[in-house]
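A short worksheet on the structure shown next.
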Amino acid sequence: THFFPTYTREDVKKHKTPHERIWVTYAGEVFDITDFVELHPGGDRIMLAAGGSLEPFWALYGVHKSDHVKEILQQYKVGVL
Ligand code: HEM
């Protein structure tokens, strides 16, 4: 296993452009999704969550309630809250 650093929500907020890297949170974990943004099947809408939480958006778009989506996200984990 792997040690992940702890970040605050303020830290995450500083990462919302490709230049600063694009971070999001989900279920207490932090992800750097910069390299996934261009691959997202739902297009640019993914940027609405940049620097913050995925939960409110995934509550609206139920297509993310799958193991497949959770596996994609885990590949980009960089820390915990
Ligand atoms: C579709 C992943 C964030 C909106 C999808 C699909 C995946 C995915 C794998 C295809 C699902 C399928 O068809 O089975 C992710 C990941 C995200 C993320 C890993 C974050 C790291 C978001 C956000 C929004 C969003 C924040 C909205 C604000 C959508 C929409 C679709 C979609 C609308 C459906 C696209 C279509 O079928 O036309 N996403 N998503 N996603 N996503 Fe996301």
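By order of appearance in the structure tokens: chains A, B, ..., then residues from 1 within every chain, and ligands from 1 in the order shown.
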Report task. With only C-alpha atoms and all ligand atoms counted, collect every polymer residue having an atom within 12 Å of ligand 1; state the result as a PyMOL selection string. Result -> chain A and resi 22-26+29-77
So that I have them on file, write out the residues from the current selection with N, CA and C atoms, as a compact mmCIF listing (two decimals), in the first residue's frame.
# COMPACT_ATOMS: atom_id res chain seq x y z
N ILE A 22 -5.65 20.15 -12.02
CA ILE A 22 -7.08 20.16 -11.71
C ILE A 22 -7.37 19.07 -10.69
N TRP A 23 -7.77 19.51 -9.49
CA TRP A 23 -8.05 18.58 -8.40
C TRP A 23 -9.55 18.58 -8.09
N VAL A 24 -10.03 17.44 -7.65
CA VAL A 24 -11.40 17.32 -7.14
C VAL A 24 -11.36 16.41 -5.92
N THR A 25 -12.46 16.44 -5.15
CA THR A 25 -12.59 15.53 -4.01
C THR A 25 -13.81 14.64 -4.19
N TYR A 26 -13.73 13.47 -3.59
CA TYR A 26 -14.89 12.58 -3.56
C TYR A 26 -14.72 11.65 -2.36
N GLU A 29 -11.50 11.74 -0.38
CA GLU A 29 -10.23 11.53 -1.09
C GLU A 29 -10.03 12.65 -2.11
N VAL A 30 -8.75 12.89 -2.46
CA VAL A 30 -8.38 13.97 -3.38
C VAL A 30 -7.78 13.35 -4.65
N PHE A 31 -8.19 13.89 -5.79
CA PHE A 31 -7.76 13.34 -7.08
C PHE A 31 -7.24 14.46 -7.98
N ASP A 32 -6.14 14.19 -8.68
CA ASP A 32 -5.63 15.10 -9.71
C ASP A 32 -6.10 14.54 -11.05
N ILE A 33 -7.16 15.15 -11.59
CA ILE A 33 -7.80 14.61 -12.79
C ILE A 33 -7.36 15.33 -14.06
N THR A 34 -6.29 16.11 -13.98
CA THR A 34 -5.83 16.90 -15.13
C THR A 34 -5.75 16.04 -16.41
N ASP A 35 -5.20 14.85 -16.27
CA ASP A 35 -4.98 14.02 -17.46
C ASP A 35 -6.25 13.29 -17.92
N PHE A 36 -7.32 13.37 -17.11
CA PHE A 36 -8.57 12.71 -17.49
C PHE A 36 -9.55 13.66 -18.18
N VAL A 37 -9.39 14.96 -17.93
CA VAL A 37 -10.38 15.93 -18.41
C VAL A 37 -10.68 15.77 -19.91
N GLU A 38 -9.63 15.58 -20.70
CA GLU A 38 -9.84 15.45 -22.15
C GLU A 38 -10.47 14.12 -22.54
N LEU A 39 -10.42 13.16 -21.63
CA LEU A 39 -10.96 11.82 -21.93
C LEU A 39 -12.40 11.68 -21.45
N HIS A 40 -12.92 12.67 -20.72
CA HIS A 40 -14.23 12.55 -20.08
C HIS A 40 -15.35 12.40 -21.10
N PRO A 41 -16.15 11.32 -21.03
CA PRO A 41 -17.23 11.13 -21.99
C PRO A 41 -18.29 12.23 -21.92
N GLY A 42 -18.39 12.91 -20.77
CA GLY A 42 -19.37 14.00 -20.61
C GLY A 42 -18.80 15.37 -20.97
N GLY A 43 -17.60 15.42 -21.56
CA GLY A 43 -17.04 16.67 -22.06
C GLY A 43 -16.66 17.66 -20.98
N ASP A 44 -16.73 18.94 -21.34
CA ASP A 44 -16.26 20.06 -20.51
C ASP A 44 -16.98 20.24 -19.19
N ARG A 45 -18.16 19.66 -19.05
CA ARG A 45 -18.90 19.83 -17.80
C ARG A 45 -18.08 19.40 -16.60
N ILE A 46 -17.12 18.51 -16.80
CA ILE A 46 -16.29 18.03 -15.70
C ILE A 46 -15.60 19.21 -15.00
N MET A 47 -15.35 20.29 -15.73
CA MET A 47 -14.65 21.44 -15.16
C MET A 47 -15.48 22.20 -14.13
N LEU A 48 -16.79 21.97 -14.09
CA LEU A 48 -17.62 22.60 -13.05
C LEU A 48 -17.18 22.16 -11.65
N ALA A 49 -16.60 20.99 -11.55
CA ALA A 49 -16.19 20.46 -10.25
C ALA A 49 -14.74 20.81 -9.91
N ALA A 50 -14.03 21.47 -10.82
CA ALA A 50 -12.60 21.74 -10.62
C ALA A 50 -12.35 22.51 -9.33
N GLY A 51 -11.46 22.02 -8.49
CA GLY A 51 -11.13 22.67 -7.23
C GLY A 51 -12.11 22.38 -6.11
N GLY A 52 -13.06 21.49 -6.33
CA GLY A 52 -14.07 21.21 -5.31
C GLY A 52 -14.56 19.78 -5.35
N SER A 53 -15.79 19.63 -4.85
CA SER A 53 -16.35 18.30 -4.62
C SER A 53 -17.13 17.77 -5.82
N LEU A 54 -16.98 16.49 -6.11
CA LEU A 54 -17.76 15.86 -7.17
C LEU A 54 -19.19 15.54 -6.74
N GLU A 55 -19.43 15.39 -5.45
CA GLU A 55 -20.72 14.87 -4.98
C GLU A 55 -21.95 15.58 -5.55
N PRO A 56 -22.00 16.94 -5.51
CA PRO A 56 -23.23 17.57 -6.00
C PRO A 56 -23.50 17.30 -7.48
N PHE A 57 -22.43 17.16 -8.25
CA PHE A 57 -22.60 16.93 -9.68
C PHE A 57 -22.97 15.48 -9.96
N TRP A 58 -22.35 14.57 -9.25
CA TRP A 58 -22.67 13.16 -9.45
C TRP A 58 -24.05 12.81 -8.90
N ALA A 59 -24.56 13.64 -7.97
CA ALA A 59 -25.95 13.44 -7.52
C ALA A 59 -26.92 13.77 -8.66
N LEU A 60 -26.52 14.71 -9.51
CA LEU A 60 -27.37 15.10 -10.64
C LEU A 60 -27.21 14.16 -11.83
N TYR A 61 -26.00 13.65 -12.06
CA TYR A 61 -25.73 12.81 -13.22
C TYR A 61 -25.45 11.40 -12.75
N GLY A 62 -26.52 10.62 -12.63
CA GLY A 62 -26.46 9.27 -12.06
C GLY A 62 -25.61 8.28 -12.83
N VAL A 63 -25.21 8.67 -14.04
CA VAL A 63 -24.36 7.81 -14.87
C VAL A 63 -23.05 7.46 -14.15
N HIS A 64 -22.67 8.26 -13.14
CA HIS A 64 -21.42 8.00 -12.42
C HIS A 64 -21.55 6.97 -11.31
N LYS A 65 -22.76 6.48 -11.05
CA LYS A 65 -22.95 5.49 -9.98
C LYS A 65 -22.58 4.10 -10.49
N SER A 66 -21.32 3.89 -10.79
CA SER A 66 -20.91 2.57 -11.27
C SER A 66 -19.49 2.27 -10.80
N ASP A 67 -19.18 0.99 -10.70
CA ASP A 67 -17.83 0.59 -10.30
C ASP A 67 -16.81 1.07 -11.32
N HIS A 68 -17.19 1.06 -12.59
CA HIS A 68 -16.29 1.49 -13.66
C HIS A 68 -15.81 2.93 -13.41
N VAL A 69 -16.74 3.81 -13.08
CA VAL A 69 -16.37 5.21 -12.84
C VAL A 69 -15.48 5.32 -11.60
N LYS A 70 -15.80 4.57 -10.55
CA LYS A 70 -14.98 4.62 -9.32
C LYS A 70 -13.55 4.13 -9.59
N GLU A 71 -13.43 3.14 -10.46
CA GLU A 71 -12.09 2.62 -10.81
C GLU A 71 -11.28 3.66 -11.57
N ILE A 72 -11.93 4.37 -12.48
CA ILE A 72 -11.23 5.43 -13.22
C ILE A 72 -10.70 6.46 -12.22
N LEU A 73 -11.59 6.90 -11.33
CA LEU A 73 -11.22 7.95 -10.38
C LEU A 73 -10.04 7.52 -9.52
N GLN A 74 -10.04 6.28 -9.05
CA GLN A 74 -8.98 5.82 -8.14
C GLN A 74 -7.59 5.92 -8.77
N GLN A 75 -7.52 5.82 -10.09
CA GLN A 75 -6.22 5.92 -10.77
C GLN A 75 -5.57 7.29 -10.57
N TYR A 76 -6.40 8.29 -10.22
CA TYR A 76 -5.90 9.66 -10.14
C TYR A 76 -5.75 10.15 -8.70
N LYS A 77 -5.87 9.25 -7.74
CA LYS A 77 -5.79 9.66 -6.33
C LYS A 77 -4.42 10.23 -5.99
Report task. List every residue of chain A that DSSP, applied to the backbone of this structure, assigns to strand (DSSP E or B), and report them as a list in words. Result ->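 Matching residues for strand (DSSP E or B) in chain A are Thr6, Lys16, Thr17, Arg21, Ile22, Trp23, Val24, Thr25, Tyr26, Glu29, Val30, Phe31, Asp32, Ser53, Lys77, Val78, Gly79 and Val80 of chain A.
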Those selected residues, please, written with C-alpha atoms and delivered as a PDB file, in the first residue's frame.
ATOM      1  CA  THR A   6      -3.570  14.973   3.718  1.00  0.00           C
ATOM      2  CA  LYS A  16      -8.689  24.390 -10.915  1.00  0.00           C
ATOM      3  CA  THR A  17      -6.811  25.032 -14.152  1.00  0.00           C
ATOM      4  CA  ARG A  21      -3.407  21.024 -12.101  1.00  0.00           C
ATOM      5  CA  ILE A  22      -7.078  20.156 -11.707  1.00  0.00           C
ATOM      6  CA  TRP A  23      -8.051  18.578  -8.404  1.00  0.00           C
ATOM      7  CA  VAL A  24     -11.398  17.320  -7.140  1.00  0.00           C
ATOM      8  CA  THR A  25     -12.587  15.529  -4.009  1.00  0.00           C
ATOM      9  CA  TYR A  26     -14.885  12.577  -3.559  1.00  0.00           C
ATOM     10  CA  GLU A  29     -10.229  11.531  -1.087  1.00  0.00           C
ATOM     11  CA  VAL A  30      -8.376  13.967  -3.381  1.00  0.00           C
ATOM     12  CA  PHE A  31      -7.763  13.345  -7.081  1.00  0.00           C
ATOM     13  CA  ASP A  32      -5.631  15.097  -9.711  1.00  0.00           C
ATOM     14  CA  SER A  53     -16.347  18.298  -4.625  1.00  0.00           C
ATOM     15  CA  LYS A  77      -5.794   9.662  -6.332  1.00  0.00           C
ATOM     16  CA  VAL A  78      -3.168  12.001  -4.849  1.00  0.00           C
ATOM     17  CA  GLY A  79      -4.291  12.428  -1.237  1.00  0.00           C
ATOM     18  CA  VAL A  80      -6.960  12.458   1.443  1.00  0.00           C
TER      19      VAL A  80
END
Report task. Run DSSP on the backbone and grab whatever in chain A lands in alpha helix (DSSP H); send it over as number ranges by chain. Result -> A: 9-13, 55-60, 67-74
Would you save the residues of that selection, restricted to C-alpha atoms, as a PDB file, in the first residue's frame?
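Below you can see again_17.pdb, which holds the result:
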ATOM      1  CA  ARG A   9     -10.426  21.948   1.023  1.00  0.00           C
ATOM      2  CA  GLU A  10      -8.516  25.252   0.754  1.00  0.00           C
ATOM      3  CA  ASP A  11      -5.571  23.409  -0.803  1.00  0.00           C
ATOM      4  CA  VAL A  12      -7.887  21.703  -3.276  1.00  0.00           C
ATOM      5  CA  LYS A  13      -9.466  25.038  -4.293  1.00  0.00           C
ATOM      6  CA  GLU A  55     -20.719  14.870  -4.979  1.00  0.00           C
ATOM      7  CA  PRO A  56     -23.231  17.575  -5.997  1.00  0.00           C
ATOM      8  CA  PHE A  57     -22.597  16.928  -9.684  1.00  0.00           C
ATOM      9  CA  TRP A  58     -22.672  13.163  -9.453  1.00  0.00           C
ATOM     10  CA  ALA A  59     -25.946  13.443  -7.518  1.00  0.00           C
ATOM     11  CA  LEU A  60     -27.369  15.098 -10.643  1.00  0.00           C
ATOM     12  CA  ASP A  67     -17.833   0.588 -10.303  1.00  0.00           C
ATOM     13  CA  HIS A  68     -16.288   1.494 -13.656  1.00  0.00           C
ATOM     14  CA  VAL A  69     -16.372   5.214 -12.838  1.00  0.00           C
ATOM     15  CA  LYS A  70     -14.979   4.615  -9.317  1.00  0.00           C
ATOM     16  CA  GLU A  71     -12.090   2.622 -10.806  1.00  0.00           C
ATOM     17  CA  ILE A  72     -11.233   5.433 -13.217  1.00  0.00           C
ATOM     18  CA  LEU A  73     -11.225   7.953 -10.384  1.00  0.00           C
ATOM     19  CA  GLN A  74      -8.975   5.822  -8.143  1.00  0.00           C
TER      20      GLN A  74
END
